[in-house]
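**Q** This is my_file07.cif (mmCIF, C-alpha atoms).
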data_final
#
loop_
_atom_site.label_atom_id
_atom_site.label_comp_id
_atom_site.auth_asym_id
_atom_site.auth_seq_id
_atom_site.Cartn_x
_atom_site.Cartn_y
_atom_site.Cartn_z
CA MET A 91 16.87 -19.50 -19.19
CA LYS A 92 18.67 -18.59 -15.97
CA THR A 93 20.19 -15.40 -17.40
CA ASP A 94 16.80 -14.54 -18.88
CA TYR A 95 15.22 -14.84 -15.46
CA LEU A 96 17.96 -12.77 -13.85
CA LEU A 97 17.46 -10.06 -16.48
CA LEU A 98 13.71 -10.16 -15.92
CA VAL A 99 13.97 -9.79 -12.17
CA LEU A 100 16.59 -7.07 -12.51
CA GLY A 101 14.46 -5.16 -15.03
CA MET A 102 11.36 -5.48 -12.89
CA GLY A 103 13.37 -4.32 -9.89
CA ILE A 104 14.69 -1.21 -11.62
CA VAL A 105 11.31 -0.06 -12.99
CA THR A 106 9.74 -0.65 -9.58
CA TYR A 107 12.50 1.09 -7.66
CA LEU A 108 12.66 4.26 -9.77
CA PRO A 109 9.13 5.57 -9.01
CA ARG A 110 9.84 4.90 -5.33
CA TRP A 111 13.19 6.67 -5.43
CA VAL A 112 12.81 9.73 -7.69
CA PRO A 113 10.25 11.69 -5.60
CA LEU A 114 12.09 10.99 -2.35
CA ILE A 115 15.34 12.37 -3.77
CA PHE A 116 13.87 15.38 -5.54
CA LEU A 117 11.12 16.46 -3.14
CA SER A 118 12.87 15.96 0.19
CA ARG A 119 15.73 18.34 -0.62
CA ARG A 120 13.87 21.52 -1.47
CA ARG A 121 11.23 23.83 -0.09
CA LEU A 122 7.89 22.81 -1.58
CA PRO A 123 5.33 25.42 -2.69
CA GLU A 124 2.24 25.68 -0.53
CA TRP A 125 -0.16 24.24 -3.13
CA LEU A 126 2.05 21.15 -3.51
CA ARG A 127 2.17 20.61 0.24
CA GLN A 128 -1.62 20.87 0.39
CA TRP A 129 -1.92 18.47 -2.53
CA LEU A 130 0.44 15.92 -0.99
CA ASP A 131 -1.48 16.26 2.27
CA PHE A 132 -4.64 15.00 0.55
CA ILE A 133 -2.82 12.12 -1.18
CA PRO A 134 -2.89 9.57 1.69
CA ALA A 135 -6.65 9.81 2.20
CA ALA A 136 -7.21 9.74 -1.58
CA VAL A 137 -4.87 6.80 -2.21
CA LEU A 138 -6.20 4.72 0.69
CA SER A 139 -9.78 5.25 -0.41
CA ALA A 140 -8.88 4.42 -4.02
CA LEU A 141 -7.14 1.22 -2.85
CA ILE A 142 -9.96 0.04 -0.58
CA LEU A 143 -13.28 0.83 -2.24
CA PRO A 144 -12.86 -0.95 -5.59
CA ALA A 145 -11.59 -4.02 -3.72
CA LEU A 146 -14.79 -4.05 -1.66
CA VAL A 147 -17.35 -3.72 -4.44
CA THR A 148 -15.80 -5.26 -7.56
CA THR A 149 -14.71 -8.80 -8.39
CA GLY A 150 -13.52 -10.86 -11.33
CA GLU A 151 -11.48 -10.26 -14.43
CA PRO A 152 -12.61 -8.17 -16.22
CA ARG A 153 -13.90 -6.43 -13.12
CA HIS A 154 -17.61 -6.03 -12.50
CA LEU A 155 -19.69 -4.70 -9.62
CA THR A 156 -20.47 -7.23 -6.86
CA VAL A 157 -22.02 -5.30 -4.02
CA PHE A 158 -23.21 -8.25 -1.94
CA GLN A 159 -20.00 -9.77 -0.68
CA PRO A 160 -18.59 -10.30 2.83
CA SER A 161 -15.70 -7.84 2.37
CA LEU A 162 -18.10 -4.91 1.90
CA LEU A 163 -20.49 -6.07 4.61
CA VAL A 164 -17.66 -6.40 7.13
CA SER A 165 -16.15 -3.05 6.18
CA VAL A 166 -19.07 -1.13 7.74
CA PRO A 167 -18.69 -2.35 11.35
CA THR A 168 -14.90 -2.30 10.90
CA LEU A 169 -15.04 1.36 9.87
CA ILE A 170 -17.33 2.26 12.78
CA PHE A 171 -15.05 0.41 15.20
CA ALA A 172 -11.99 2.25 13.85
CA TRP A 173 -13.79 5.57 14.10
CA LYS A 174 -14.93 5.01 17.70
CA THR A 175 -11.82 3.39 19.17
CA ARG A 176 -9.05 4.81 16.95
CA SER A 177 -7.19 1.58 17.64
CA LEU A 178 -5.27 0.00 14.77
CA ALA A 179 -4.66 -3.30 16.56
CA GLY A 180 -8.30 -3.59 17.64
CA THR A 181 -9.58 -2.75 14.17
CA VAL A 182 -7.39 -5.36 12.47
CA ILE A 183 -8.47 -8.05 14.94
CA ILE A 184 -12.18 -7.12 14.79
CA GLY A 185 -12.07 -6.91 11.00
CA MET A 186 -10.49 -10.37 10.73
CA ALA A 187 -12.92 -11.91 13.21
CA LEU A 188 -15.96 -10.46 11.46
CA PHE A 189 -14.67 -11.53 8.06
CA TRP A 190 -14.05 -15.04 9.36
CA VAL A 191 -17.57 -15.27 10.76
CA ALA A 192 -19.09 -13.71 7.63
CA GLY A 193 -17.24 -16.26 5.50
CA MET A 194 -19.00 -19.09 7.36
CA PHE A 195 -22.41 -17.65 6.51
CA PHE A 196 -21.64 -16.78 2.91
CA SER A 197 -20.04 -20.03 1.80
CA MET B 159 20.49 0.21 33.06
CA TRP B 160 22.02 1.39 29.83
CA ASN B 161 19.77 1.24 26.82
CA PRO B 162 21.24 2.29 23.49
CA PRO B 163 18.72 4.39 21.57
CA TYR B 164 19.05 2.26 18.45
CA SER B 165 17.50 -0.76 20.09
CA SER B 166 14.37 1.21 20.98
CA TYR B 167 14.06 2.48 17.40
CA LEU B 168 14.33 -1.10 16.23
CA LYS B 169 11.81 -2.33 18.76
CA GLU B 170 9.27 0.36 17.92
CA GLY B 171 9.65 -0.08 14.19
CA MET B 172 9.33 -3.85 14.37
CA ALA B 173 6.39 -3.73 16.77
CA ALA B 174 4.49 -1.31 14.53
CA ALA B 175 4.92 -3.57 11.50
CA TRP B 176 2.80 -6.45 12.82
CA PRO B 177 -0.44 -5.75 10.90
CA ILE B 178 1.55 -5.60 7.67
CA CYS B 179 3.39 -8.84 8.43
CA LEU B 180 0.12 -10.53 9.32
CA GLY B 181 -1.23 -9.51 5.94
CA TYR B 182 1.92 -10.31 3.96
CA VAL B 183 2.35 -13.86 5.23
CA PRO B 184 -0.76 -15.44 3.64
CA ILE B 185 -0.32 -13.41 0.42
CA GLY B 186 3.39 -14.27 0.30
CA LEU B 187 2.66 -17.99 0.81
CA ALA B 188 0.01 -17.87 -1.90
CA PHE B 189 2.43 -16.14 -4.25
CA GLY B 190 5.12 -18.72 -3.51
CA VAL B 191 2.75 -21.59 -4.26
CA LEU B 192 1.68 -19.96 -7.53
CA ALA B 193 5.27 -19.28 -8.57
CA HIS B 194 6.24 -22.83 -7.63
CA ASN B 195 3.44 -24.15 -9.85
CA ALA B 196 4.71 -21.89 -12.64
CA GLY B 197 8.04 -23.70 -12.44
CA LEU B 198 10.14 -21.27 -10.39
CA ALA B 199 12.62 -22.59 -7.83
CA PRO B 200 12.47 -21.21 -4.25
CA TRP B 201 15.68 -19.22 -4.78
CA GLU B 202 14.24 -17.67 -7.94
CA ILE B 203 11.11 -16.73 -6.04
CA GLY B 204 13.18 -15.22 -3.25
CA LEU B 205 15.24 -13.28 -5.77
CA MET B 206 12.13 -11.73 -7.29
CA SER B 207 10.74 -10.81 -3.86
CA LEU B 208 14.09 -9.27 -2.94
CA PHE B 209 14.60 -7.30 -6.17
CA VAL B 210 11.03 -6.25 -6.91
CA TYR B 211 9.24 -6.33 -3.54
CA ALA B 212 5.81 -5.42 -4.87
CA GLY B 213 3.11 -8.03 -4.35
CA SER B 214 0.54 -7.45 -7.06
CA SER B 215 3.12 -6.94 -9.81
CA GLN B 216 4.85 -10.17 -8.79
CA PHE B 217 1.57 -12.07 -9.12
CA ILE B 218 1.01 -10.55 -12.56
CA ALA B 219 4.59 -11.29 -13.66
CA VAL B 220 4.32 -14.94 -12.68
CA SER B 221 1.01 -15.42 -14.47
CA MET B 222 2.49 -13.71 -17.55
CA LEU B 223 5.55 -15.98 -17.31
CA SER B 224 3.43 -19.12 -17.24
CA ASN B 225 1.56 -17.82 -20.28
CA GLY B 226 4.90 -17.58 -22.07
CA ALA B 227 5.14 -13.78 -22.15
CA ALA B 228 8.45 -12.17 -23.19
CA LEU B 229 10.79 -10.12 -21.00
CA ILE B 230 9.90 -6.61 -22.16
CA PRO B 231 6.09 -6.87 -21.85
CA ILE B 232 6.45 -8.19 -18.29
CA ILE B 233 8.82 -5.37 -17.33
CA LEU B 234 6.56 -2.72 -18.89
CA THR B 235 3.53 -4.14 -17.09
CA THR B 236 5.46 -4.12 -13.81
CA PHE B 237 6.31 -0.47 -14.40
CA THR B 238 2.70 0.59 -14.93
CA VAL B 239 1.42 -1.51 -12.02
CA ASN B 240 3.96 0.04 -9.62
CA LEU B 241 3.83 3.62 -10.87
CA ARG B 242 1.44 4.47 -8.04
CA HIS B 243 4.38 4.45 -5.62
CA LEU B 244 5.39 7.75 -7.20
CA LEU B 245 2.51 9.39 -5.34
CA MET B 246 3.34 7.66 -2.07
CA SER B 247 7.03 8.55 -2.13
CA SER B 248 6.09 12.15 -2.90
CA SER B 249 3.90 12.29 0.20
CA LEU B 250 6.54 10.61 2.35
CA ALA B 251 9.19 13.10 1.17
CA ILE B 252 7.62 15.79 3.36
CA TYR B 253 8.64 13.83 6.46
CA LEU B 254 12.10 12.86 5.25
CA GLN B 255 13.62 16.31 4.78
CA ARG B 256 17.37 16.71 5.12
CA LEU B 257 18.02 12.97 5.01
CA GLY B 258 21.12 11.92 3.05
CA VAL B 259 20.90 10.36 -0.41
CA GLY B 260 22.07 6.98 0.89
CA ARG B 261 19.37 6.74 3.53
CA LEU B 262 16.70 8.05 1.17
CA SER B 263 17.75 5.43 -1.38
CA LEU B 264 17.48 2.69 1.21
CA PHE B 265 14.12 4.03 2.35
CA ALA B 266 12.80 4.14 -1.22
CA TYR B 267 13.28 0.38 -1.50
CA GLY B 268 10.70 -0.29 1.20
CA VAL B 269 7.88 1.96 -0.02
CA THR B 270 4.77 -0.20 -0.48
CA ASP B 271 1.05 0.58 -0.21
CA GLU B 272 1.08 -0.82 3.31
CA SER B 273 4.31 0.70 4.66
CA PHE B 274 3.33 4.05 3.14
CA ALA B 275 -0.06 4.03 4.86
CA LEU B 276 1.35 3.04 8.23
CA ASN B 277 4.41 5.31 8.16
CA MET B 278 2.38 8.36 7.05
CA THR B 279 0.05 7.89 10.02
CA ARG B 280 2.96 7.49 12.42
CA PHE B 281 4.85 10.47 11.01
CA ARG B 282 1.82 12.66 11.42
CA ASP B 283 1.21 11.51 14.99
CA GLY B 284 4.81 12.48 15.84
CA GLY B 285 7.54 10.64 17.72
CA TRP B 286 8.35 8.77 14.53
CA ASP B 287 11.41 9.36 12.41
CA TRP B 288 13.25 7.67 9.58
CA ARG B 289 14.86 5.13 11.89
CA GLN B 290 11.59 3.57 13.08
CA ALA B 291 10.12 3.96 9.60
CA LEU B 292 13.07 2.21 7.98
CA THR B 293 12.88 -0.62 10.54
CA LEU B 294 9.17 -0.99 9.78
CA ASN B 295 9.93 -1.14 6.04
CA HIS B 296 12.52 -3.85 6.42
CA THR B 297 10.52 -5.91 8.88
CA ALA B 298 7.66 -6.02 6.38
CA ASN B 299 10.17 -6.69 3.59
CA LEU B 300 11.62 -9.66 5.48
CA ALA B 301 8.16 -11.08 6.18
CA TRP B 302 7.39 -10.84 2.45
CA ILE B 303 10.60 -12.44 1.24
CA VAL B 304 10.55 -15.28 3.76
CA SER B 305 6.88 -16.15 3.25
CA THR B 306 7.20 -16.19 -0.56
CA ILE B 307 10.18 -18.57 -0.28
CA ILE B 308 8.34 -20.85 2.14
CA GLY B 309 5.37 -20.88 -0.25
CA GLY B 310 7.85 -21.74 -2.99
CA TYR B 311 8.53 -25.08 -1.33
CA GLY B 312 4.96 -25.87 -2.25
CA GLY B 313 3.45 -25.37 1.15
CA GLN B 314 0.24 -23.50 1.85
CA PHE B 315 0.83 -23.77 5.58
CA ILE B 316 -2.09 -21.58 6.56
CA PRO B 317 -5.40 -23.04 5.37
CA ALA B 318 -7.07 -20.61 2.98
CA GLY B 319 -9.37 -18.19 4.75
CA ALA B 320 -8.40 -19.26 8.27
CA PHE B 321 -9.07 -16.73 11.04
CA GLY B 322 -10.15 -14.14 8.48
CA ILE B 323 -6.46 -13.47 7.86
CA ASP B 324 -7.27 -12.34 4.32
CA TYR B 325 -8.93 -9.30 5.88
CA ALA B 326 -5.87 -8.13 7.87
CA LEU B 327 -4.73 -5.65 5.21
CA PRO B 328 -8.20 -4.36 4.21
CA ALA B 329 -8.98 -3.76 7.92
CA MET B 330 -5.64 -1.98 8.37
CA PHE B 331 -6.33 0.23 5.35
CA ILE B 332 -9.83 1.07 6.62
CA CYS B 333 -8.43 2.11 10.00
CA LEU B 334 -5.57 4.13 8.50
CA LEU B 335 -8.05 5.87 6.19
CA VAL B 336 -10.06 6.86 9.27
CA PHE B 337 -6.87 8.26 10.83
CA GLN B 338 -6.29 10.39 7.72
CA ILE B 339 -9.67 12.12 8.03
CA ARG B 340 -9.08 15.44 9.76
CA GLY B 341 -12.03 17.49 8.56
CA GLY B 342 -14.90 17.64 6.12
CA LEU B 343 -12.69 18.30 3.15
CA TYR B 344 -10.76 15.07 3.79
CA VAL B 345 -14.04 13.14 3.87
CA LEU B 346 -14.99 14.71 0.57
CA VAL B 347 -11.63 13.90 -1.04
CA ALA B 348 -11.74 10.30 0.24
CA VAL B 349 -15.33 9.68 -0.87
CA LEU B 350 -14.71 11.24 -4.27
CA SER B 351 -11.47 9.30 -4.74
CA GLY B 352 -13.16 6.03 -3.78
CA LEU B 353 -16.13 6.56 -6.12
CA LEU B 354 -13.88 7.63 -8.99
CA ALA B 355 -11.68 4.60 -8.34
CA ILE B 356 -14.69 2.27 -8.57
CA ALA B 357 -15.80 3.90 -11.83
CA PHE B 358 -12.29 3.90 -13.36
CA SER B 359 -11.63 0.32 -12.20
CA LEU B 360 -14.74 -0.82 -14.08
CA LEU B 361 -13.85 1.20 -17.18
CA PHE B 362 -10.14 0.46 -17.54
CA PRO B 363 -8.14 -2.75 -17.10
CA GLY B 364 -5.06 -2.77 -14.87
CA ASN B 365 -4.65 -0.60 -11.80
CA ALA B 366 -4.21 2.88 -13.32
CA TYR B 367 -7.48 3.73 -11.54
CA ILE B 368 -5.61 4.21 -8.25
CA VAL B 369 -3.43 7.02 -9.59
CA MET B 370 -6.18 8.54 -11.75
CA ALA B 371 -8.69 8.71 -8.91
CA SER B 372 -6.24 9.93 -6.24
CA VAL B 373 -4.76 12.66 -8.42
CA THR B 374 -8.19 13.93 -9.46
CA ALA B 375 -9.59 13.90 -5.93
CA ALA B 376 -6.52 15.51 -4.31
CA THR B 377 -6.44 18.22 -6.98
CA LEU B 378 -10.09 19.02 -6.37
CA GLY B 379 -9.33 19.08 -2.65
CA VAL B 380 -6.63 21.74 -3.11
CA PHE B 381 -8.95 23.71 -5.38
CA LEU B 382 -11.77 23.67 -2.81
CA LEU B 383 -9.41 24.40 0.07
CA ASN B 384 -8.12 27.55 -1.63
CA LEU B 385 -11.56 28.63 -2.81
CA TYR B 386 -12.93 28.24 0.69
CA GLY B 387 -9.86 29.87 2.26
CA LYS B 388 -10.04 32.89 -0.04
CA LYS B 389 -13.76 33.32 0.57
CA ARG B 390 -13.17 33.32 4.30
CA GLU B 391 -10.30 35.81 3.95
CA SER B 392 -12.45 38.24 1.96
CA MET B 393 -15.25 37.87 4.49
CA GLU B 394 -12.86 38.68 7.31
CA GLU B 395 -11.60 41.72 5.44
CA SER B 396 -15.04 43.20 4.82
#
Translate the structure of the given file into structure tokens.

**A**
Amino acid sequence: MKTDYLLLVLGMGIVTYLPRWVPLIFLSRRRLPEWLRQWLDFIPAAVLSALILPALVTTGEPRHLTVFQPSLLVSVPTLIFAWKTRSLAGTVIIGMALFWVAGMFFS
Amino acid sequence: MWNPPYSSYLKEGMAAAWPICLGYVPIGLAFGVLAHNAGLAPWEIGLMSLFVYAGSSQFIAVSMLSNGAALIPIILTTFTVNLRHLLMSSSLAIYLQRLGVGRLSLFAYGVTDESFALNMTRFRDGGWDWRQALTLNHTANLAWIVSTIIGGYGGQFIPAGAFGIDYALPAMFICLLVFQIRGGLYVLVAVLSGLLAIAFSLLFPGNAYIVMASVTAATLGVFLLNLYGKKRESMEES
């Protein structure tokens, strides 16, 4: 049992580490073509949006659309606040406060 | 007053990590409680957090474990769930040029959705190099490991939902997304990626939707950028 668990954790660690490691080693040591630089430049905006939006409008397993939920409602003022102030600290605090208050009304 | 530069790198990196730590603590505690209920000892929980360090895949692994899943299926699932880091490390590589293999290997360990998002923003703003970024990675890493172990002692020390703490990471992501928008084309890529992600997430199980949507949207972005650029060039020539 114990060796099984060690093997499991080790295996999980290796398959998680490799995708984190390979691009850093291979892309940071050579001159990248212009199209790849442009592509990688769009990746953060694309990844962040792909991480956030489904979490705001879907729930359950299997997932289904749930548009009316506090996380989506709160995201609108949070986004506007971030846009206007460009303050990370402020946005995190405002987002948490609004979500806390929204939770009281929704539950 | 003599101030060694290293201490200021450490201070800046640790200070910048606070939104991530704030988000990791409740999730880490929740994971620890879940893993504890699945029969894992605190040291086993800590070992997984140390070796794997990837929240959602750890949750999935523990629920598969308690359903009696075998070793190989859990490892394969972990691989697919964490494959998205391939994209993030690729983007980070642009800012880590000429760094030695040892440091790159250490840096790779700390690449998560959250550290990627925060470090990319800092790198782009300037005044940020691998030293602060690495400190940020390991501060977040420590917060994750410690909170999962504490949760493993069976304690949910923060009442669920208190202070809206569950929204710390979503709010951080929303703000960092705003920081990434530097023109109409970025808005288009982000909106497209988000809509595709919603559609794919409803169509396919698992989290492949993140990679599928980002790759499609970024590719279209490059395509439009070059189309638009060429059109403008030809207009300037005529």

**Q** Using the chain letters and numbers from the file, give me the residues hit by the PyMOL selection byres ((chain A) within 6 of (chain B)), as a ChimeraX atom specification.

**A** /A:98-99,102-103,105-106,109-111,113-114,117-118,129-130,132-133,135-140,143-144,153,172,182,185-187,189-190

**Q** Looking at only C-alpha atoms, which of B:Ile185, B:Ile178, B:Ala196, B:Ile303 is the one that sits closest to Ser214 (chain B)?

**A**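 Counting only C-alpha atoms, the residue closest to Ser214 (chain B) is B:Ile185.
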
**Q** So how many Å separate CA of Gly171 (chain B) and CA of Asn299 (chain B), to one decimal?

**A**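 The value is 12.5 Å.
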
**Q** So how many Å separate CA of Ala173 (chain B) and CA of Trp288 (chain B), to one decimal?

**A**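 The value is 15.1 Å.
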
**Q** Find, counting all atoms listed in the file, the residue in B:Leu292, B:Met172, B:Leu385, B:Leu187 that gets nearest to Pro200 (chain B).

**A**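 Checking each of B:Leu292, B:Met172, B:Leu385, B:Leu187 against Pro200 (chain B), counting all atoms listed in the file, the winner is B:Leu187.
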
**Q** Can you tell me, as a list of chain:residue names, what residues are no more than 8 Å from Ser305 (chain B) when counting all atoms listed in the file, ignoring any on the same chain fewer than 5 positions away?

**A**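 Here the qualifying residues turn out to be B:Tyr182, B:Val183, B:Pro184, B:Gly186, B:Leu187, B:Gly190.
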
**Q** Pull C-alpha atoms from the residues just selected and write them as a PDB file, in the coordinates of the input.

**A**
ATOM      1  CA  TYR B 182       1.920 -10.310   3.960  1.00  0.00           C
ATOM      2  CA  VAL B 183       2.350 -13.860   5.230  1.00  0.00           C
ATOM      3  CA  PRO B 184      -0.760 -15.440   3.640  1.00  0.00           C
ATOM      4  CA  GLY B 186       3.390 -14.270   0.300  1.00  0.00           C
ATOM      5  CA  LEU B 187       2.660 -17.990   0.810  1.00  0.00           C
ATOM      6  CA  GLY B 190       5.120 -18.720  -3.510  1.00  0.00           C
TER       7      GLY B 190
END

**Q** One number please: CA of Met222 (chain B) to CA of Trp201 (chain B), in Å, one decimal.

**A**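 Calculated distance between CA of Met222 (chain B) and CA of Trp201 (chain B) is 19.2 Å.
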
**Q** Which one is closest to Leu146 (chain A): A:Arg127, A:Tyr95, A:Ser161, A:Val191? Count all atoms listed in the file.

**A**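 The answer is A:Ser161, which sits nearest to Leu146 (chain A).
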
**Q** Hey, what's within 9 Å of Ala188 (chain B) if we count all atoms listed in the file and toss same-chain stuff fewer than 4 positions away? As a list in words, please?

**A**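 Once the adjacent positions are removed, what remains is Val183, Pro184, Leu192, Ala193, Ser305, Thr306, Gly309, Gly310, Gly313 and Gln314 of chain B.
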
**Q** Taking all atoms of region 262-279 of chain B that the file lists and extending 8 Å past them on each side, where is the centre of the axis-aligned box and how long are its edges? Answer in Å to one decimal, as AutoDock Vina command-line options.

**A**
--center_x 8.8 --center_y 3.8 --center_z 4.3 --size_x 33.8 --size_y 25.2 --size_z 27.5

**Q** Can you pull out the residues contacting Thr156 (chain A)? Cut-off 10 Å, using only C-alpha atoms, and skip same-chain residues under 2 positions away; I want them as a PyMOL selection string.

**A** chain A and resi 144-150+153-154+158-159+162

**Q** Just checking: using all atoms listed in the file, which residue out of A:Leu188, A:Gly101, A:Pro134, A:Asp94 ends up closest to Phe171 (chain A)?

**A**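 Among the listed residues, the smallest separation from Phe171 (chain A) belongs to A:Leu188.
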